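Q: Sharing target.cif below, mmCIF, C-alpha atoms:
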```cif
data_upload
loop_
_atom_site.label_atom_id
_atom_site.label_comp_id
_atom_site.auth_asym_id
_atom_site.auth_seq_id
_atom_site.Cartn_x
_atom_site.Cartn_y
_atom_site.Cartn_z
CA MET E 1 0.00 0.00 0.00
CA VAL E 2 2.85 2.38 0.84
CA ALA E 3 4.35 1.88 -2.61
CA ALA E 4 1.00 2.11 -4.40
CA VAL E 5 -0.10 5.46 -2.94
CA ARG E 6 3.20 7.28 -3.36
CA GLY E 7 1.82 9.54 -6.10
CA ILE E 8 -1.45 10.41 -4.33
CA ARG E 9 -0.33 13.76 -2.91
CA LEU E 10 -3.69 15.25 -2.04
CA LEU E 11 -2.62 18.61 -0.64
CA GLY E 12 0.32 19.05 -2.99
CA LEU E 13 -1.75 18.47 -6.12
CA THR E 14 -4.76 20.54 -5.03
CA SER E 15 -2.86 23.59 -3.75
CA TRP E 16 -2.64 26.66 -5.97
CA PRO E 17 0.66 27.98 -7.37
CA SER E 18 1.92 31.09 -5.59
CA SER E 19 1.97 32.94 -8.94
CA LEU E 20 -1.82 33.38 -8.74
CA GLN E 21 -1.69 35.64 -5.70
CA ALA E 22 -0.12 38.82 -7.13
CA PRO E 23 -2.44 39.19 -10.18
CA PHE E 24 -5.51 38.66 -8.02
CA LEU E 25 -4.44 41.16 -5.38
CA GLU E 26 -3.61 43.67 -8.12
CA SER E 27 -7.12 43.27 -9.56
CA VAL E 28 -8.52 43.90 -6.08
CA THR E 29 -6.43 47.05 -5.71
CA LEU E 30 -7.75 48.31 -9.04
CA GLY E 31 -11.30 47.74 -7.86
CA ARG E 32 -11.98 45.07 -10.50
CA PRO E 33 -11.34 41.73 -8.75
CA ARG E 34 -11.17 38.77 -11.12
CA LEU E 35 -11.60 35.14 -10.21
CA PRO E 36 -8.28 33.27 -10.29
CA GLN E 37 -7.96 30.81 -13.16
CA VAL E 38 -6.39 27.62 -11.85
CA ALA E 39 -4.94 25.06 -14.27
CA TYR E 40 -5.00 21.61 -12.67
CA PRO E 41 -3.18 18.60 -14.12
CA LYS E 42 -5.15 15.78 -15.72
CA LEU E 43 -4.46 12.76 -13.56
CA ASP E 44 -5.26 9.08 -13.99
CA PHE E 45 -4.91 6.79 -10.99
CA SER E 46 -6.88 3.86 -12.45
CA ALA E 47 -3.90 1.49 -12.23
CA VAL E 48 -3.23 2.54 -8.64
CA ARG E 49 -6.85 2.09 -7.68
CA ARG E 50 -6.89 -1.42 -9.15
CA GLU E 51 -3.78 -2.26 -7.15
CA LEU E 52 -5.38 -0.90 -4.00
CA ALA E 53 -8.51 -2.94 -4.62
CA ALA E 54 -6.39 -6.07 -4.95
CA ILE E 55 -4.68 -5.33 -1.63
CA ALA E 56 -8.02 -4.73 0.08
CA ALA E 57 -9.32 -8.04 -1.23
CA GLN E 58 -6.48 -9.83 0.58
CA ALA E 59 -7.05 -8.04 3.88
CA ASP E 60 -9.21 -9.83 6.45
CA PRO E 61 -11.48 -7.24 8.15
CA GLN E 62 -11.88 -9.56 11.15
CA TYR E 63 -8.36 -8.67 12.28
CA PRO E 64 -7.13 -5.23 13.38
CA LEU E 65 -4.53 -4.89 10.62
CA GLY E 66 -6.96 -6.09 7.98
CA ALA E 67 -9.62 -3.62 9.09
CA TYR E 68 -7.02 -0.85 9.17
CA LEU E 69 -5.82 -1.69 5.66
CA ARG E 70 -9.32 -1.71 4.24
CA ALA E 71 -10.27 1.57 5.85
CA SER E 72 -7.01 3.17 4.71
CA ILE E 73 -7.39 1.89 1.16
CA HIS E 74 -10.93 3.24 0.96
CA SER E 75 -9.57 6.62 2.03
CA TRP E 76 -6.76 6.56 -0.54
CA ASP E 77 -9.21 5.50 -3.25
CA LEU E 78 -11.44 8.51 -2.52
CA ALA E 79 -8.39 10.77 -2.56
CA ALA E 80 -7.38 9.37 -5.95
CA ALA E 81 -10.89 9.95 -7.29
CA LEU E 82 -10.78 13.54 -6.03
CA LEU E 83 -7.48 14.18 -7.80
CA GLU E 84 -8.85 12.71 -11.03
CA SER E 85 -11.70 15.24 -10.87
CA LEU E 86 -9.70 18.38 -10.04
CA GLY E 87 -11.41 21.61 -11.04
CA THR E 88 -14.88 20.06 -11.14
CA ALA E 89 -17.83 19.89 -8.77
CA ALA E 90 -17.10 16.20 -8.18
CA ALA E 91 -13.90 17.12 -6.34
CA GLY E 92 -15.99 18.91 -3.72
CA GLU E 93 -18.20 15.88 -3.22
CA TYR E 94 -15.22 13.57 -2.76
CA SER E 95 -13.81 16.08 -0.29
CA ALA E 96 -17.04 15.95 1.70
CA GLN E 97 -16.76 12.15 1.88
CA LEU E 98 -13.17 12.38 3.07
CA PHE E 99 -13.38 15.22 5.56
CA GLY E 100 -17.05 15.81 6.32
CA LEU E 101 -19.11 19.00 6.19
CA PRO E 102 -19.61 22.11 8.33
CA ASP E 103 -23.07 20.88 9.34
CA ASP E 104 -21.80 17.54 10.65
CA PRO E 105 -22.30 17.15 14.41
CA MET E 106 -19.40 17.37 16.80
CA PRO E 107 -18.38 14.18 18.68
CA GLY E 108 -20.93 13.25 21.31
CA GLN E 109 -23.81 14.46 19.12
CA GLY E 110 -23.18 18.01 20.18
CA PRO E 111 -23.80 21.10 18.05
CA SER E 112 -22.70 21.16 14.44
CA THR E 113 -19.14 22.00 13.50
CA ARG E 114 -20.34 25.29 12.04
CA GLU E 115 -22.16 26.19 15.26
CA ALA E 116 -19.01 25.45 17.25
CA ALA E 117 -17.00 27.65 14.87
CA ARG E 118 -19.45 30.50 15.33
CA HIS E 119 -19.12 30.04 19.09
CA PHE E 120 -15.38 30.73 18.89
CA ILE E 121 -15.80 33.57 16.40
CA GLN E 122 -18.23 35.26 18.79
CA ILE E 123 -15.81 34.87 21.71
CA ALA E 124 -13.01 36.34 19.60
CA GLN E 125 -15.11 39.27 18.52
CA GLU E 126 -15.93 40.00 22.15
CA LEU E 127 -12.50 39.44 23.65
CA ASP E 128 -9.69 39.40 21.10
CA SER E 129 -8.79 43.09 21.44
CA GLU E 130 -8.52 42.64 25.20
CA LEU E 131 -6.63 39.33 25.12
CA LEU E 132 -3.85 40.21 22.66
CA ALA E 133 -0.61 39.50 24.49
CA PRO E 134 2.36 41.86 24.06
CA GLU E 135 4.32 39.15 22.22
CA GLU E 136 1.59 39.04 19.58
CA GLN E 137 2.47 42.59 18.61
CA VAL E 138 6.23 42.03 18.13
CA PRO E 139 6.90 40.79 14.58
CA VAL E 140 9.57 38.16 13.99
CA SER E 141 11.12 37.77 10.54
CA ALA E 142 11.09 34.43 8.76
CA THR E 143 14.89 34.34 8.95
CA ALA E 144 14.89 34.92 12.70
CA LEU E 145 12.16 32.33 13.23
CA GLN E 146 14.09 29.84 11.11
CA LEU E 147 17.07 30.11 13.47
CA GLN E 148 14.93 30.02 16.61
CA LEU E 149 12.80 27.07 15.53
CA GLN E 150 15.80 25.15 14.24
CA GLY E 151 17.40 25.50 17.65
CA ASP E 152 14.22 24.33 19.39
CA LEU E 153 14.03 21.22 17.21
CA ASP E 154 17.71 20.33 17.47
CA ASP E 155 17.48 20.58 21.24
CA PHE E 156 14.38 18.39 21.40
CA PHE E 157 15.66 15.60 19.15
CA ASP E 158 19.30 16.06 20.20
CA ALA E 159 20.10 15.87 16.48
CA ARG E 160 19.27 17.54 13.16
CA LEU E 161 16.25 15.39 12.25
CA ILE E 162 14.02 18.19 10.96
CA THR E 163 15.36 21.04 8.85
CA VAL E 164 13.72 24.47 8.86
CA GLU E 165 13.92 26.14 5.43
CA LEU E 166 12.78 29.38 3.80
CA ASP E 167 10.55 29.07 0.73
CA PRO E 168 9.68 32.17 -1.34
CA ASP E 169 7.00 30.28 -3.32
CA LEU E 170 4.91 29.15 -0.37
CA ILE E 171 1.40 30.65 -0.19
CA ALA E 172 0.80 29.59 3.40
CA LYS E 173 3.05 31.03 6.08
CA ALA E 174 4.38 27.57 6.92
CA ALA E 175 4.19 23.92 5.87
CA ALA E 176 5.59 20.78 7.51
CA GLY E 177 6.72 17.32 6.45
CA ALA E 178 8.52 14.49 8.22
CA HIS E 179 11.99 15.98 7.83
CA ARG E 180 11.34 19.56 6.75
CA ILE E 181 9.41 22.63 7.89
CA ARG E 182 9.13 25.44 5.36
CA LEU E 183 8.56 29.09 6.21
CA ARG E 184 7.47 31.65 3.62
CA SER E 185 10.30 34.07 2.95
CA GLY E 186 9.33 37.62 3.82
CA ALA E 187 6.47 36.63 6.12
CA LEU E 188 6.27 38.01 9.64
CA PHE E 189 5.66 35.77 12.62
CA SER E 190 5.06 36.08 16.36
CA ASP E 191 6.18 34.14 19.43
CA TYR E 192 2.82 32.38 19.28
CA ASP E 193 3.66 31.27 15.73
CA ARG E 194 6.96 29.84 16.97
CA ALA E 195 5.23 27.86 19.71
CA GLN E 196 2.46 26.69 17.37
CA LEU E 197 4.94 25.51 14.74
CA PHE E 198 6.92 23.67 17.39
CA HIS E 199 4.03 21.93 19.14
CA HIS E 200 1.54 21.59 16.25
CA GLU E 201 3.65 21.00 13.16
CA ALA E 202 6.90 19.56 14.52
CA LEU E 203 5.89 17.61 17.64
CA VAL E 204 2.72 16.17 16.14
CA HIS E 205 2.75 16.10 12.35
CA SER E 206 6.49 15.61 11.85
CA LEU E 207 6.96 13.52 15.00
CA THR E 208 4.20 11.01 14.17
CA ALA E 209 5.66 10.63 10.67
CA LEU E 210 9.11 9.96 12.13
CA ASN E 211 7.70 7.46 14.62
CA GLY E 212 5.70 5.81 11.84
CA ARG E 213 8.89 5.28 9.87
CA GLU E 214 10.22 3.31 12.83
CA GLN E 215 7.43 0.71 12.40
CA VAL E 216 8.94 -2.41 10.85
CA HIS E 217 5.65 -4.24 10.22
CA LEU E 218 3.36 -1.31 9.42
CA PRO E 219 5.31 1.42 7.59
CA SER E 220 2.04 2.93 6.39
CA LEU E 221 1.80 4.56 9.82
CA ALA E 222 4.22 7.14 8.41
CA LEU E 223 1.66 8.19 5.78
CA SER E 224 -0.89 10.98 6.14
CA SER E 225 -3.85 9.12 4.70
CA PRO E 226 -7.01 11.26 4.54
CA ARG E 227 -8.78 9.09 7.11
CA VAL E 228 -6.35 10.14 9.84
CA THR E 229 -6.63 13.87 9.11
CA ALA E 230 -9.23 14.67 11.78
CA THR E 231 -7.23 12.88 14.47
CA GLN E 232 -3.91 14.38 13.35
CA GLU E 233 -5.22 17.95 13.20
CA GLY E 234 -7.21 17.48 16.40
CA LEU E 235 -4.15 16.12 18.19
CA ALA E 236 -1.99 18.96 16.88
CA THR E 237 -4.51 21.61 17.96
CA PHE E 238 -4.91 19.88 21.32
CA ALA E 239 -1.12 20.07 21.73
CA GLU E 240 -1.33 23.83 21.19
CA GLN E 241 -4.08 24.09 23.80
CA ILE E 242 -2.49 22.03 26.55
CA THR E 243 0.91 23.70 26.17
CA GLY E 244 -0.58 27.20 26.19
CA SER E 245 0.65 27.80 22.66
CA ILE E 246 -2.65 28.98 21.24
CA ASP E 247 -4.38 32.33 21.46
CA ILE E 248 -7.90 33.51 20.69
CA GLU E 249 -6.84 34.76 17.26
CA ARG E 250 -5.67 31.27 16.30
CA MET E 251 -9.02 29.77 17.30
CA LYS E 252 -10.69 32.56 15.36
CA ARG E 253 -8.69 31.73 12.19
CA ILE E 254 -9.61 28.05 12.44
CA SER E 255 -13.27 28.92 12.96
CA LEU E 256 -13.38 31.48 10.13
CA ARG E 257 -12.20 28.80 7.71
CA ILE E 258 -15.07 26.52 8.72
CA GLU E 259 -17.60 29.30 8.18
CA ALA E 260 -15.95 30.09 4.83
CA VAL E 261 -16.28 26.44 3.73
CA ALA E 262 -19.98 26.61 4.54
CA MET E 263 -20.33 29.89 2.61
CA ALA E 264 -18.61 28.44 -0.46
CA ARG E 265 -20.84 25.38 -0.45
CA GLU E 266 -23.85 27.71 -0.24
CA GLY E 267 -22.72 29.58 -3.36
CA ALA E 268 -20.14 32.19 -2.37
CA ASP E 269 -17.36 32.47 -4.93
CA PHE E 270 -13.65 33.03 -4.29
CA ILE E 271 -13.97 36.82 -4.30
CA GLN E 272 -16.78 36.77 -1.74
CA VAL E 273 -14.87 34.39 0.53
CA PHE E 274 -11.74 36.55 0.17
CA ASP E 275 -13.81 39.58 1.20
CA TYR E 276 -15.18 37.64 4.17
CA PHE E 277 -11.68 37.02 5.52
CA ARG E 278 -10.69 40.67 4.97
CA GLN E 279 -13.75 41.90 6.81
CA ALA E 280 -12.84 39.53 9.65
CA GLY E 281 -9.53 41.36 10.09
CA GLN E 282 -7.05 39.47 7.90
CA ASN E 283 -4.81 41.42 5.51
CA ALA E 284 -4.98 40.88 1.75
CA GLU E 285 -2.22 38.25 1.59
CA GLU E 286 -3.64 36.27 4.51
CA SER E 287 -7.14 36.50 3.06
CA PHE E 288 -5.93 35.12 -0.27
CA ALA E 289 -4.14 32.24 1.46
CA SER E 290 -7.21 31.47 3.58
CA ALA E 291 -9.60 31.62 0.61
CA GLN E 292 -7.44 29.38 -1.57
CA ARG E 293 -7.58 26.71 1.16
CA VAL E 294 -11.35 26.68 0.75
CA PHE E 295 -11.22 26.38 -3.06
CA ARG E 296 -8.38 23.87 -3.49
CA GLY E 297 -9.32 21.50 -6.29
CA VAL E 298 -12.84 22.88 -6.85
CA PRO E 299 -14.27 25.60 -9.15
CA PRO E 300 -13.73 29.11 -7.72
CA THR E 301 -17.21 30.13 -8.87
CA GLY E 302 -18.94 28.90 -5.70
CA GLY E 303 -21.21 26.03 -4.73
CA HIS E 304 -18.35 23.71 -3.84
CA ALA E 305 -15.48 23.61 -1.35
CA PHE E 306 -12.45 21.67 -0.22
CA THR E 307 -13.70 20.77 3.25
CA LYS E 308 -10.50 19.71 5.07
CA ASP E 309 -10.61 22.70 7.40
CA THR E 310 -13.82 21.43 8.98
CA VAL E 311 -11.88 18.65 10.75
CA TYR E 312 -9.94 20.89 13.15
CA LEU E 313 -12.67 21.50 15.72
CA ARG E 314 -14.20 18.02 15.38
CA GLY E 315 -10.77 16.51 15.76
CA LEU E 316 -9.96 18.71 18.75
CA VAL E 317 -13.11 17.67 20.61
CA GLY E 318 -12.56 14.01 19.69
CA VAL E 319 -8.96 14.02 20.94
CA HIS E 320 -9.95 15.96 24.07
CA THR E 321 -12.54 13.31 24.90
CA PHE E 322 -10.08 10.48 24.11
CA PHE E 323 -7.46 11.89 26.50
CA ARG E 324 -10.00 12.63 29.21
CA GLN E 325 -11.39 9.11 29.15
CA ALA E 326 -7.93 7.54 28.99
CA LEU E 327 -6.83 9.54 32.04
CA GLN E 328 -10.01 8.65 33.93
CA ARG E 329 -9.38 4.95 33.24
CA ASP E 330 -5.66 5.15 34.04
CA GLU E 331 -4.81 4.13 30.46
CA LEU E 332 -2.36 6.84 29.50
CA ARG E 333 -0.49 4.26 27.40
CA LEU E 334 -3.28 4.64 24.81
CA CYS E 335 -2.46 8.35 24.55
CA ARG E 336 1.23 7.56 24.11
CA TRP E 337 0.52 4.94 21.44
CA LEU E 338 -1.38 7.58 19.49
CA PHE E 339 2.02 9.12 18.72
CA ALA E 340 3.52 5.88 17.36
CA GLY E 341 2.44 6.81 13.83
CA LYS E 342 -0.31 8.51 11.90
CA MET E 343 -3.45 6.73 13.01
CA ALA E 344 -7.08 7.54 13.70
CA LEU E 345 -8.52 7.47 17.20
CA GLU E 346 -10.49 4.36 16.33
CA ASP E 347 -7.26 2.50 15.53
CA VAL E 348 -5.69 2.78 18.98
CA ALA E 349 -7.79 0.27 20.95
CA PRO E 350 -7.72 -2.46 18.23
CA PHE E 351 -3.95 -1.96 17.93
CA ALA E 352 -3.41 -2.44 21.69
CA PRO E 353 -2.69 -6.21 21.43
CA LEU E 354 -0.22 -5.49 18.63
CA PHE E 355 1.66 -2.97 20.78
CA GLU E 356 1.65 -5.38 23.71
CA ALA E 357 2.95 -8.22 21.53
CA GLY E 358 5.70 -6.08 20.03
CA VAL E 359 4.30 -6.17 16.50
CA LEU E 360 3.95 -2.39 16.68
CA ALA E 361 6.69 -0.37 18.32
CA PRO E 362 5.93 2.28 20.93
CA PRO E 363 6.75 5.85 19.87
CA ARG E 364 10.47 6.57 19.84
CA TRP E 365 9.82 10.27 20.40
CA LEU E 366 7.09 11.80 22.56
CA PRO E 367 6.19 15.42 23.34
CA ARG E 368 7.09 16.15 26.94
CA TRP E 369 3.55 17.21 27.83
CA VAL E 370 2.26 13.68 27.22
CA SER E 371 4.37 12.35 30.06
CA ARG E 372 3.53 15.29 32.30
CA ALA E 373 -0.21 14.74 31.74
CA SER E 374 -0.08 11.73 34.12
CA GLY E 375 0.93 13.97 37.01
CA LEU E 376 -0.97 16.51 39.03
CA ALA E 377 0.29 19.48 37.02
CA GLY E 378 -0.84 17.88 33.78
CA MET E 379 -4.26 17.03 35.18
CA LEU E 380 -4.73 20.59 36.38
CA ALA E 381 -3.72 21.94 32.97
CA PHE E 382 -6.07 19.47 31.34
CA SER E 383 -9.02 20.44 33.55
CA LEU E 384 -8.32 24.15 33.05
CA PHE E 385 -8.21 23.58 29.30
CA ALA E 386 -11.55 21.75 29.37
CA ASN E 387 -13.26 24.50 31.30
CA ARG E 388 -11.65 27.35 29.38
CA ILE E 389 -13.05 26.41 26.01
CA ARG E 390 -16.28 24.88 27.36
CA MET E 391 -15.82 21.48 25.79
CA ASP E 392 -18.77 20.19 27.79
CA ARG E 393 -21.02 22.46 25.71
CA LEU E 394 -19.38 21.62 22.39
CA SER E 395 -18.99 17.85 22.60
CA GLY E 396 -22.04 16.65 24.48
CA PHE E 397 -19.76 15.17 27.16
CA ASP E 398 -19.56 16.37 30.76
CA THR E 399 -15.99 17.60 31.09
CA ARG E 400 -16.33 19.27 34.47
CA PRO E 401 -13.49 18.21 36.77
CA THR E 402 -14.31 15.57 39.35
CA SER E 403 -13.86 16.13 43.07
CA THR E 404 -10.47 14.38 42.90
CA GLY E 405 -9.42 16.21 39.72
#
```
Please re-express this file's structure in structure tokens.
A:
Amino acid sequence: MVAAVRGIRLLGLTSWPSSLQAPFLESVTLGRPRLPQVAYPKLDFSAVRRELAAIAAQADPQYPLGAYLRASIHSWDLAAALLESLGTAAAGEYSAQLFGLPDDPMPGQGPSTREAARHFIQIAQELDSELLAPEEQVPVSATALQLQLQGDLDDFFDARLITVELDPDLIAKAAAGAHRIRLRSGALFSDYDRAQLFHHEALVHSLTALNGREQVHLPSLALSSPRVTATQEGLATFAEQITGSIDIERMKRISLRIEAVAMAREGADFIQVFDYFRQAGQNAEESFASAQRVFRGVPPTGGHAFTKDTVYLRGLVGVHTFFRQALQRDELRLCRWLFAGKMALEDVAPFAPLFEAGVLAPPRWLPRWVSRASGLAGMLAFSLFANRIRMDRLSGFDTRPTSTG
């Protein structure tokens, strides 16, 4: 499976080239905004999909690895179908199957993802001007952040395992892989950005890929298959929360993207979504980057969206609940195993016998906060986190601390 899916680069093949930004922003400045014209490649994954089907046919769903293989292959097959339909309405429908929709309920049959996003947007509108920390107002250059973040990573791994590079062609401010984190040249960052990149990108996304590559019997745990996206992004956002590396503006950005996905599906085109982000306080460059996330792979004329950004809040609530229940049951090992590779929450319990038998290796690297969470300080931070963002109201679960918590 690892060999078969090597060419299915969902985010890489759907993302827009950076050359589209300047002409669009110029048209906005002139008062005559024009929809970007995106030229997508014509892709054919029919041979890959046949190979995946053959692998799935050999996998026994009665066993944990067989069920995992089948679920992963279904996810890769949908991703391949999406890439074959780039630029069409069908891409948006495949995206909805992979990542869900803004109107999907949060874990625990709570409010919808869109309602949760509006909850955070409302809080930000009420409080963000009062909660801006001084470090948020001190800009850090990409070059300075490169040096700072590289030092943080080298200290953590006690080696140069992840390289921080500058990329002038990056639309987003940052992007991460297993061995490389890219920063957009010329972009300005804050201390919050440094902490978010360290805890979110490096110590979740990159770290789980590195740990997955240590798996002798299941190297696919190094792959970011679409089915693990909600767990990966939820875990990464949870890491920001529990380490105090997130601010209200970050939650606002995540929530604005969810609302923008809903708007696009309801008919808003790229220009209208771009305007929505600008009116919410983002500058022109940030608004373009945010809007292009919503329209990756789909027509910019409205009615369709790339829905990946809807997973952040659902994933956050799911991971929050997973950690809370694991701590209540004194099963913190399940939380640690979640870092052994890129897996979904539903994989951890079925994989437990495989970890215990040594078929799957425990994570070689772990964020320090995972170990601290078993102590009193970690529990207090966890309870404070739960109360602060009112997870009990968003997830349908009672997250109020117990008398012993």
Q: Quick one: everything within 12 Å of region 146-162 of chain E, counting only C-alpha atoms, minus sequence neighbours fewer than 5 positions away in the same chain. Send it as a short mmCIF file (atom, residue, chain, number, x, y, z; two decimals) with C-alpha atoms, keeping the file's coordinate frame.
A:
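Final output, saved to around37.cif:
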```
data_model
loop_
_atom_site.label_atom_id
_atom_site.label_comp_id
_atom_site.auth_asym_id
_atom_site.auth_seq_id
_atom_site.Cartn_x
_atom_site.Cartn_y
_atom_site.Cartn_z
CA VAL E 140 9.57 38.16 13.99
CA SER E 141 11.12 37.77 10.54
CA ASP E 167 10.55 29.07 0.73
CA ALA E 174 4.38 27.57 6.92
CA ALA E 176 5.59 20.78 7.51
CA GLY E 177 6.72 17.32 6.45
CA ALA E 178 8.52 14.49 8.22
CA HIS E 179 11.99 15.98 7.83
CA ARG E 180 11.34 19.56 6.75
CA ILE E 181 9.41 22.63 7.89
CA ARG E 182 9.13 25.44 5.36
CA LEU E 183 8.56 29.09 6.21
CA ARG E 184 7.47 31.65 3.62
CA SER E 185 10.30 34.07 2.95
CA GLY E 186 9.33 37.62 3.82
CA ALA E 187 6.47 36.63 6.12
CA LEU E 188 6.27 38.01 9.64
CA PHE E 189 5.66 35.77 12.62
CA SER E 190 5.06 36.08 16.36
CA ASP E 191 6.18 34.14 19.43
CA TYR E 192 2.82 32.38 19.28
CA ASP E 193 3.66 31.27 15.73
CA ARG E 194 6.96 29.84 16.97
CA ALA E 195 5.23 27.86 19.71
CA GLN E 196 2.46 26.69 17.37
CA LEU E 197 4.94 25.51 14.74
CA PHE E 198 6.92 23.67 17.39
CA HIS E 199 4.03 21.93 19.14
CA GLU E 201 3.65 21.00 13.16
CA ALA E 202 6.90 19.56 14.52
CA LEU E 203 5.89 17.61 17.64
CA HIS E 205 2.75 16.10 12.35
CA SER E 206 6.49 15.61 11.85
CA LEU E 207 6.96 13.52 15.00
CA ALA E 209 5.66 10.63 10.67
CA LEU E 210 9.11 9.96 12.13
CA ASN E 211 7.70 7.46 14.62
CA ARG E 364 10.47 6.57 19.84
CA TRP E 365 9.82 10.27 20.40
CA LEU E 366 7.09 11.80 22.56
CA PRO E 367 6.19 15.42 23.34
CA ARG E 368 7.09 16.15 26.94
#
```
Q: Mind telling me what the PyMOL selection byres ((chain E and resi 266-270) around 10) catches here, as a ChimeraX atom specification?
A: /E:34-36,260-265,271-276,288,291-292,294-295,299-305
Q: For Leu69 (chain E), please output as a list in words all residues within 12 Å (counting only C-alpha atoms; exclusion window: fewer than 6 positions along the same chain).
A: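 My reading of the contact set: Met1, Val2, Leu52, Ala53, Ala54, Ile55, Ala56, Ala57, Gln58, Ala59, Asp60, Pro61, Gln62, Tyr63, Ser75, Trp76, Asp77, Leu218, Pro219, Ser220, Leu221, Ser225, Arg227, Met343 and Asp347 of chain E.
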Q: How would the residues just picked look written out with C-alpha atoms as a PDB file, in the frame of the given file?
A:
```pdb
ATOM      1  CA  MET E   1       0.000   0.000   0.000  1.00  0.00           C
ATOM      2  CA  VAL E   2       2.850   2.380   0.840  1.00  0.00           C
ATOM      3  CA  LEU E  52      -5.380  -0.900  -4.000  1.00  0.00           C
ATOM      4  CA  ALA E  53      -8.510  -2.940  -4.620  1.00  0.00           C
ATOM      5  CA  ALA E  54      -6.390  -6.070  -4.950  1.00  0.00           C
ATOM      6  CA  ILE E  55      -4.680  -5.330  -1.630  1.00  0.00           C
ATOM      7  CA  ALA E  56      -8.020  -4.730   0.080  1.00  0.00           C
ATOM      8  CA  ALA E  57      -9.320  -8.040  -1.230  1.00  0.00           C
ATOM      9  CA  GLN E  58      -6.480  -9.830   0.580  1.00  0.00           C
ATOM     10  CA  ALA E  59      -7.050  -8.040   3.880  1.00  0.00           C
ATOM     11  CA  ASP E  60      -9.210  -9.830   6.450  1.00  0.00           C
ATOM     12  CA  PRO E  61     -11.480  -7.240   8.150  1.00  0.00           C
ATOM     13  CA  GLN E  62     -11.880  -9.560  11.150  1.00  0.00           C
ATOM     14  CA  TYR E  63      -8.360  -8.670  12.280  1.00  0.00           C
ATOM     15  CA  SER E  75      -9.570   6.620   2.030  1.00  0.00           C
ATOM     16  CA  TRP E  76      -6.760   6.560  -0.540  1.00  0.00           C
ATOM     17  CA  ASP E  77      -9.210   5.500  -3.250  1.00  0.00           C
ATOM     18  CA  LEU E 218       3.360  -1.310   9.420  1.00  0.00           C
ATOM     19  CA  PRO E 219       5.310   1.420   7.590  1.00  0.00           C
ATOM     20  CA  SER E 220       2.040   2.930   6.390  1.00  0.00           C
ATOM     21  CA  LEU E 221       1.800   4.560   9.820  1.00  0.00           C
ATOM     22  CA  SER E 225      -3.850   9.120   4.700  1.00  0.00           C
ATOM     23  CA  ARG E 227      -8.780   9.090   7.110  1.00  0.00           C
ATOM     24  CA  MET E 343      -3.450   6.730  13.010  1.00  0.00           C
ATOM     25  CA  ASP E 347      -7.260   2.500  15.530  1.00  0.00           C
TER      26      ASP E 347
END
```
Q: May I ask for the distance between CA of His217 (chain E) and CA of Pro363 (chain E), given in Å to one decimal place?
A: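 Taking CA of His217 (chain E) and CA of Pro363 (chain E), their separation equals 14.0 Å.
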Q: Can you pull out the residues contacting Arg9 (chain E)? Cut-off 10 Å, using all atoms listed in the file, and skip same-chain residues under 5 positions away; I want them as a list in words.
A: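 Near Arg9 (chain E), the qualifying residues are Thr14, Trp76, Ala79, Ala80, Leu83, Ser224 and Ser225 of chain E.
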Q: Which one is closest to Gly297 (chain E): E:Val204, E:Val138, E:Leu86, E:Leu127? Count only C-alpha atoms.
A: E:Leu86
Q: Kindly provide, as a ChimeraX atom specification, the polymer residues lying within 6 Å of (-12.9, 20.1, -3.2), counting only C-alpha atoms and using the coordinates exactly as they appear in the file.
A: /E:91-92,95,296-298,305-306
Q: Between E:Ala67, E:Leu13, E:Ile254, E:Ala22, which residue has the minimum interatomic distance to Pro41 (chain E), considering all atoms listed in the file?
A: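 Of all the options, E:Leu13 lies closest to Pro41 (chain E).
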Q: Might you pull out every residue within 8 Å of Lys342 (chain E), with all atoms listed in the file counted and same-chain residues fewer than 4 positions away left off, and present them as a count of residues only?
A: 10
Q: So the first atom is CA of Gln109 (chain E) and the second is CA of Pro64 (chain E); what is the distance between them in Å, to one decimal place?
A: 26.4 Å
Q: Mind rebuilding region 63-70 of chain E with N, CA and C atoms and writing that out as a CSV table (one decimal), in the frame of the given file?
A:
```csv
chain,number,residue,atom,x,y,z
E,63,TYR,N,-9.6,-8.9,11.5
E,63,TYR,CA,-8.4,-8.7,12.3
E,63,TYR,C,-8.0,-7.2,12.2
E,64,PRO,N,-7.4,-6.7,13.3
E,64,PRO,CA,-7.1,-5.2,13.4
E,64,PRO,C,-6.4,-4.7,12.2
E,65,LEU,N,-5.3,-5.4,11.8
E,65,LEU,CA,-4.5,-4.9,10.6
E,65,LEU,C,-5.3,-5.0,9.3
E,66,GLY,N,-6.1,-6.0,9.2
E,66,GLY,CA,-7.0,-6.1,8.0
E,66,GLY,C,-8.0,-5.0,7.9
E,67,ALA,N,-8.6,-4.7,9.0
E,67,ALA,CA,-9.6,-3.6,9.1
E,67,ALA,C,-8.9,-2.3,8.8
E,68,TYR,N,-7.8,-2.1,9.4
E,68,TYR,CA,-7.0,-0.8,9.2
E,68,TYR,C,-6.7,-0.7,7.7
E,69,LEU,N,-6.2,-1.8,7.1
E,69,LEU,CA,-5.8,-1.7,5.7
E,69,LEU,C,-7.0,-1.3,4.8
E,70,ARG,N,-8.1,-2.0,5.1
E,70,ARG,CA,-9.3,-1.7,4.2
E,70,ARG,C,-9.8,-0.3,4.4
```
